[in-house]
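Undergrad: Once you've had a glance at the structure underneath, I'll fire off some questions.
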Amino acid sequence: MTATLPATPRKRAEIGRAPQDTRGNWRTYLALTAVMLVSAFPLYWMFVIATSTDEAVSSIPPTVTPSGELMNNLREVFSLQQVYFAASLINSVIVASVITLSTLFFCSLAGFAFAKLRFKGRNALMVVVILTLTVPNQLGVVALYILMGKLNWNGTLLAVIAPGLVTAFGVFYMRQFVQHAVPDELIESARIDGALTMRIYWNIILPAIRPALAVLGLLTFVATWNDFQWPLITLNGTEFPTSMVALSDLASGNYVIYRRVLAGAFAATVPLLILLIIGGRQIVRGIMEGAVKS
Amino acid sequence: MSLIERPPSRADTPAQQRPAPKDPGGWRLGFYRFDTKLMPYLLVAPFFILFAVFGLFPIIFNGVVALRNWRLDDPTQTGWAGFENFSKLLGDDDFWNALINTFGIFILSSVPQLLLALMIANLLNRKLRATTWWRVGVLLPYVTPVAASTLVFAVFFTRDGGMANWVLSLVGIGTENPIDWRADKWSSWIAIATMVNWKWIGYNALLYLSAMQSIPKDVYEAAAVDGAGPWRQLWQITVPMIQPVVVFTVILSTIGGLQLFNEPMLFDENPAGASGGSNGQYQTIAQLIYKVGWKDLNLGYAAAMSWALFLIILVVAGLNALATNRLGGGGKR
């Protein structure tokens with residue numbers, strides 16, 4: 001039932017009408033505009049300081065418009081010896097891309113199997129997936145560090161990539177999507193034509209779940225890019241920081257230069273802002289769908 | 001259960017129909033069997049293997065490490081420590097201090113976070129122009145890297161020349177002595193809670209919004225008889241109807257809030273120390289675990305602390321879920 005409203009007079013209908021059918025009034029828009037300003041302000045402020053000189057940063061009242069020093073500040077950040085900022089951005093791109101691709105591949109495979117294939121223990125295994133959703137991984141960092149030490153991976157990008165290759169959420173999300181997006185008959189008829197499982201995955205499942213891949217891909221990329229604790233533990237002090245680790249280096253030390261720190265923060269944020277502009281719709285959808293289904 | 005025992009009748013009929021002089025169907029049949037019986041396991045295997053190695057094993061092994069002496073600086077100090085690490089924990093002032101900080105910041109951040117998210121979801125749950133863009137807009141903080149936004153807030157909350165103090169001075173607060181946000185527990189907690197709230201309100205609002213939109217519309221029609229206005233509509237109809245999601249967000253924010261790490265780390269004037277302020281006034285447990293493990297190099301003790309935190313999260317998340325369930329009258333159902 002979609003909401004095609006009968007042309008009832010407005011006054012009467014205000015009460016008792018579902019909120020989602022009520023038109024937003026000027027107060028709604030005013031309040032939402034305020035919310036937007038608060039959401040965007042720290043980002044704007046980051047930009048302002050990233051473009052400022054030292055004097056402007058600490059001036060009272062604060063300068064609220066950008067100046068022209070962005071390139072200078074960025075150049076300083078990129079040329080700092082111990083921070084490896086340029087490399088860190090590349091590292092973040094590598095880590096986030098590999099993890100995103102692998103999550104999409106493995107999670108869609110598993111999601112397909114759980115949704116459409118029949119095998120012994122399927123339901124029990126799915127319960128295991130759901131249970132693992134609730135395990136806070138952060139609490140294993142000490143042992144994870146020891147494990148990575150045995151593998152000799154600490155301080156390399158592998159240590160950051162390996163634990164992120166799949167997520168229980170991804171499997172769960174893909175299973176839900178495949179279940180609804182691909183009719184059983186389609187798979188049955190492909191079987192009759194003699195198609196093997198992987199061919200069905202490639203020719204039927206993958207094209208049908210493209211929207212879900214976009215959503216999961218964006219969410220995974222954002223989460224990986226922003227991950228801080230584990231990369232800090234395993235990569236800190238090496239020549240292979242991710243951009244988040246490099247940022248914390250930039251902000252450490254006895255004499256921190258804010259315009260420089262925030263120029264770095266700005267550089268590490270821009271890729272995600274671009275993603276939000278391109279894929280905002282998908283990210284919103286992913287979060288909202290995840291809520292209903294979990 | 002005949003779930004798997006589907007005879008491969010249909011797919012291999014082509015092979016049987018054909019005379020097939022050279023290929024009697026043997027390897028084909030075998031291959032087909034493999035494809036239907038074993039392939040599903042191959043498809044789910046990567047998840048389970050990777051999770052077992054990098055997710056489950058560390059958590060279990062963490063329990064072993066917690067019972068041992070395990071130092072990064074001195075490999076000779078090994079062997080079983082029994083419950084030494086745990087008993088040390090009980091008498092460790094740093095741990096209790098961090099526990100209090102964690103809970104203080106958690107309360108200051110989770111309660112306003114969820115209430116404001118509810119308000120914003122209610123605003124978004126209208127017929128709006130440019131619906132999508134409002135929703136994308138509230139996600140700006142979610143997408144912004146914590147490290148980046150925290151550093152902005154760190155500047156925002158500096159004592160001299162910080163934006164926060166400047167705004168407060170406009171209304172006459174702290175004009176003589178500007179607030180030193182990092183110096184005290186209450187002020188640093190507020191600053192850190194502000195960052196957490198900023199980041200997560202929009203995300204939670206979308207979770208609520210999604211639940212609100214699946215409320216059947218006739219529920220509102222029925223309630224119109226009592227003449228409920230928008231405000232009562234929100235509290236008496238909408239909120240009880242989305243209660244499962246509210247419980248879900250309470251659990252999520254408990255798990256996240258009690259593991260808070262990034263904000264207190266980067267709010268510090270020197271993040272590398274992981275000390276949570278000059279006197280540990282905003283050091284959280286997750287931060288203390290990092291400090292004990294990788295600054296004091298005592299992994300055994302850090303592992304014990306992780307287990308303690310795990311138990312605390314389990315208990316608090318359970319209690320919070322129960323309480324939320326009760327509040328909404330979920331007990332009756």
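Every chain in the structure tokens takes a letter, A first, then B, and so on in the order presented; its residues are numbered from 1, and the ligands are numbered from 1 following the presented order.
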At a cut-off of 8 Å, using only C-alpha atoms, what residues contact Ala96 (chain A)? Leave out same-chain residues fewer than 3 positions from it and give the result as a ChimeraX atom specification.
TA: /A:92-93,99-100,220-222,224-225
Undergrad: Please identify the alpha helix (DSSP H) residues within region 138-192 of chain B (assignment by DSSP from backbone atoms) and present them as a PyMOL selection string.
TA: chain B and resi 138+140-143+146-156+163-170+185-192
Undergrad: Determine, counting only C-alpha atoms, which protein, DNA and RNA residues have an atom within 12 Å of an atom of Leu90 (chain B); residues of the same chain fewer than 4 positions away are not included. Present the result as a ChimeraX atom specification.
TA: /B:83-86,94-97,99,301,304-305,308
Undergrad: Go ahead and save the residues from that selection, with all heavy atoms, as a JSON list (two decimals), in the first residue's frame.
TA:
```json
[["chain", "number", "residue", "atom", "x", "y", "z"],
["B", 83, "PHE", "N", 45.50, -16.56, 38.30],
["B", 83, "PHE", "CA", 44.59, -15.42, 38.27],
["B", 83, "PHE", "C", 45.26, -14.13, 38.76],
["B", 83, "PHE", "O", 44.59, -13.18, 39.12],
["B", 83, "PHE", "CB", 43.33, -15.72, 39.08],
["B", 83, "PHE", "CG", 42.43, -16.67, 38.36],
["B", 83, "PHE", "CD1", 42.54, -18.04, 38.58],
["B", 83, "PHE", "CD2", 41.51, -16.21, 37.45],
["B", 83, "PHE", "CE1", 41.73, -18.92, 37.89],
["B", 83, "PHE", "CE2", 40.68, -17.10, 36.76],
["B", 83, "PHE", "CZ", 40.80, -18.46, 36.98],
["B", 84, "GLU", "N", 46.58, -14.16, 38.76],
["B", 84, "GLU", "CA", 47.35, -13.01, 39.24],
["B", 84, "GLU", "C", 46.94, -11.72, 38.53],
["B", 84, "GLU", "O", 46.71, -10.69, 39.17],
["B", 84, "GLU", "CB", 48.82, -13.27, 38.98],
["B", 84, "GLU", "CG", 49.76, -12.65, 39.98],
["B", 84, "GLU", "CD", 51.18, -13.11, 39.70],
["B", 84, "GLU", "OE1", 51.58, -14.17, 40.23],
["B", 84, "GLU", "OE2", 51.85, -12.42, 38.92],
["B", 85, "ASN", "N", 46.85, -11.79, 37.18],
["B", 85, "ASN", "CA", 46.49, -10.59, 36.43],
["B", 85, "ASN", "C", 45.13, -10.06, 36.85],
["B", 85, "ASN", "O", 44.91, -8.86, 36.91],
["B", 85, "ASN", "CB", 46.48, -10.88, 34.93],
["B", 85, "ASN", "CG", 47.89, -11.00, 34.37],
["B", 85, "ASN", "OD1", 48.78, -10.27, 34.81],
["B", 85, "ASN", "ND2", 48.09, -11.92, 33.45],
["B", 86, "PHE", "N", 44.22, -11.00, 37.13],
["B", 86, "PHE", "CA", 42.87, -10.57, 37.49],
["B", 86, "PHE", "C", 42.83, -9.98, 38.88],
["B", 86, "PHE", "O", 42.12, -8.99, 39.12],
["B", 86, "PHE", "CB", 41.89, -11.75, 37.37],
["B", 86, "PHE", "CG", 41.61, -12.12, 35.95],
["B", 86, "PHE", "CD1", 42.29, -13.16, 35.34],
["B", 86, "PHE", "CD2", 40.68, -11.41, 35.19],
["B", 86, "PHE", "CE1", 42.04, -13.51, 34.02],
["B", 86, "PHE", "CE2", 40.43, -11.74, 33.87],
["B", 86, "PHE", "CZ", 41.11, -12.79, 33.28],
["B", 94, "ASP", "N", 44.18, 2.65, 38.55],
["B", 94, "ASP", "CA", 44.03, 3.10, 37.17],
["B", 94, "ASP", "C", 42.81, 2.46, 36.51],
["B", 94, "ASP", "O", 42.08, 3.10, 35.78],
["B", 94, "ASP", "CB", 45.28, 2.72, 36.34],
["B", 94, "ASP", "CG", 46.43, 3.65, 36.65],
["B", 94, "ASP", "OD1", 46.21, 4.63, 37.40],
["B", 94, "ASP", "OD2", 47.56, 3.38, 36.17],
["B", 95, "PHE", "N", 42.61, 1.18, 36.82],
["B", 95, "PHE", "CA", 41.49, 0.47, 36.22],
["B", 95, "PHE", "C", 40.16, 1.06, 36.70],
["B", 95, "PHE", "O", 39.27, 1.34, 35.90],
["B", 95, "PHE", "CB", 41.56, -1.01, 36.57],
["B", 95, "PHE", "CG", 40.40, -1.80, 36.05],
["B", 95, "PHE", "CD1", 40.28, -2.06, 34.70],
["B", 95, "PHE", "CD2", 39.41, -2.26, 36.91],
["B", 95, "PHE", "CE1", 39.19, -2.78, 34.20],
["B", 95, "PHE", "CE2", 38.32, -2.98, 36.42],
["B", 95, "PHE", "CZ", 38.21, -3.24, 35.06],
["B", 96, "TRP", "N", 40.05, 1.29, 38.01],
["B", 96, "TRP", "CA", 38.79, 1.82, 38.54],
["B", 96, "TRP", "C", 38.55, 3.23, 38.03],
["B", 96, "TRP", "O", 37.42, 3.60, 37.72],
["B", 96, "TRP", "CB", 38.79, 1.76, 40.07],
["B", 96, "TRP", "CG", 38.80, 0.35, 40.55],
["B", 96, "TRP", "CD1", 39.84, -0.32, 41.12],
["B", 96, "TRP", "CD2", 37.73, -0.60, 40.44],
["B", 96, "TRP", "NE1", 39.49, -1.62, 41.38],
["B", 96, "TRP", "CE2", 38.20, -1.82, 40.98],
["B", 96, "TRP", "CE3", 36.43, -0.55, 39.94],
["B", 96, "TRP", "CZ2", 37.41, -2.96, 41.03],
["B", 96, "TRP", "CZ3", 35.64, -1.69, 39.99],
["B", 96, "TRP", "CH2", 36.13, -2.88, 40.54],
["B", 97, "ASN", "N", 39.62, 3.98, 37.96],
["B", 97, "ASN", "CA", 39.49, 5.34, 37.41],
["B", 97, "ASN", "C", 38.99, 5.29, 35.97],
["B", 97, "ASN", "O", 38.06, 5.99, 35.60],
["B", 97, "ASN", "CB", 40.85, 6.04, 37.49],
["B", 97, "ASN", "CG", 40.84, 7.37, 36.76],
["B", 97, "ASN", "OD1", 40.02, 8.24, 37.06],
["B", 97, "ASN", "ND2", 41.73, 7.54, 35.80],
["B", 99, "LEU", "N", 37.37, 2.92, 34.61],
["B", 99, "LEU", "CA", 36.00, 2.40, 34.59],
["B", 99, "LEU", "C", 35.00, 3.53, 34.85],
["B", 99, "LEU", "O", 33.98, 3.66, 34.14],
["B", 99, "LEU", "CB", 35.87, 1.31, 35.67],
["B", 99, "LEU", "CG", 34.59, 0.46, 35.62],
["B", 99, "LEU", "CD1", 34.57, -0.35, 34.34],
["B", 99, "LEU", "CD2", 34.53, -0.47, 36.82],
["B", 301, "TYR", "N", 48.54, -8.69, 31.22],
["B", 301, "TYR", "CA", 47.64, -7.85, 32.01],
["B", 301, "TYR", "C", 46.60, -7.17, 31.11],
["B", 301, "TYR", "O", 45.41, -7.07, 31.47],
["B", 301, "TYR", "CB", 48.47, -6.82, 32.77],
["B", 301, "TYR", "CG", 47.71, -6.05, 33.81],
["B", 301, "TYR", "CD1", 46.68, -6.66, 34.53],
["B", 301, "TYR", "CD2", 48.02, -4.72, 34.09],
["B", 301, "TYR", "CE1", 45.98, -5.96, 35.50],
["B", 301, "TYR", "CE2", 47.32, -4.02, 35.05],
["B", 301, "TYR", "CZ", 46.30, -4.64, 35.75],
["B", 301, "TYR", "OH", 45.61, -3.95, 36.69],
["B", 304, "ALA", "N", 43.88, -9.61, 30.36],
["B", 304, "ALA", "CA", 42.96, -9.77, 31.49],
["B", 304, "ALA", "C", 41.97, -8.60, 31.52],
["B", 304, "ALA", "O", 40.77, -8.78, 31.77],
["B", 304, "ALA", "CB", 43.74, -9.84, 32.80],
["B", 305, "MET", "N", 42.49, -7.42, 31.26],
["B", 305, "MET", "CA", 41.64, -6.23, 31.25],
["B", 305, "MET", "C", 40.58, -6.33, 30.13],
["B", 305, "MET", "O", 39.44, -5.94, 30.32],
["B", 305, "MET", "CB", 42.51, -5.01, 31.03],
["B", 305, "MET", "CG", 42.32, -3.93, 32.06],
["B", 305, "MET", "SD", 43.51, -2.62, 31.74],
["B", 305, "MET", "CE", 44.32, -2.57, 33.32],
["B", 308, "ALA", "N", 37.86, -8.48, 31.35],
["B", 308, "ALA", "CA", 37.02, -7.75, 32.31],
["B", 308, "ALA", "C", 36.06, -6.83, 31.57],
["B", 308, "ALA", "O", 34.86, -6.79, 31.85],
["B", 308, "ALA", "CB", 37.90, -6.95, 33.27]]
```
Undergrad: Env of region 276-290 of chain A: 8 Å cut, atoms = only C-alpha atoms, seq-sep filter 2 positions within chain, self excluded. Answer as a list in words.
TA: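 Contacts, with the query itself left out: Tyr173, Pro211, Ala212, Ala214, Val215, Leu216, Leu218, Leu219, Leu272, Leu273, Ile274, Val292, Lys293 and Ser294 of chain A; Thr132, Arg135, Val136, Leu139, Leu140, Val143, Tyr203, Leu206, Leu207, Leu209 and Ser210 of chain B.
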Undergrad: Name all residues at most 10 Å from Leu133 (chain A) (count only C-alpha atoms; drop same-chain ones fewer than 4 positions away) and give them as number ranges by chain.
TA: A: 127-129, 137, 167-172
Undergrad: Those residues with C-alpha atoms, as a CSV table (one decimal), in the first residue's frame please?
TA:
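Produced file selection-v1.csv, reproduced below:
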```csv
chain,number,residue,atom,x,y,z
A,127,VAL,CA,23.0,-19.3,13.4
A,128,VAL,CA,26.7,-19.3,13.9
A,129,VAL,CA,27.0,-16.4,11.5
A,137,ASN,CA,36.3,-8.0,17.9
A,167,THR,CA,32.3,-9.7,8.0
A,168,ALA,CA,29.4,-11.6,9.5
A,169,PHE,CA,27.3,-8.6,8.7
A,170,GLY,CA,28.2,-8.9,5.1
A,171,VAL,CA,27.1,-12.5,4.9
A,172,PHE,CA,23.9,-11.8,6.7
```
Undergrad: Quick one: residues within 9 Å of Val316 (chain B), only C-alpha atoms, excluding same-chain residues fewer than 3 positions away - as a PyMOL selection string?
TA: chain B and resi 251+254-255+311-313+319-321
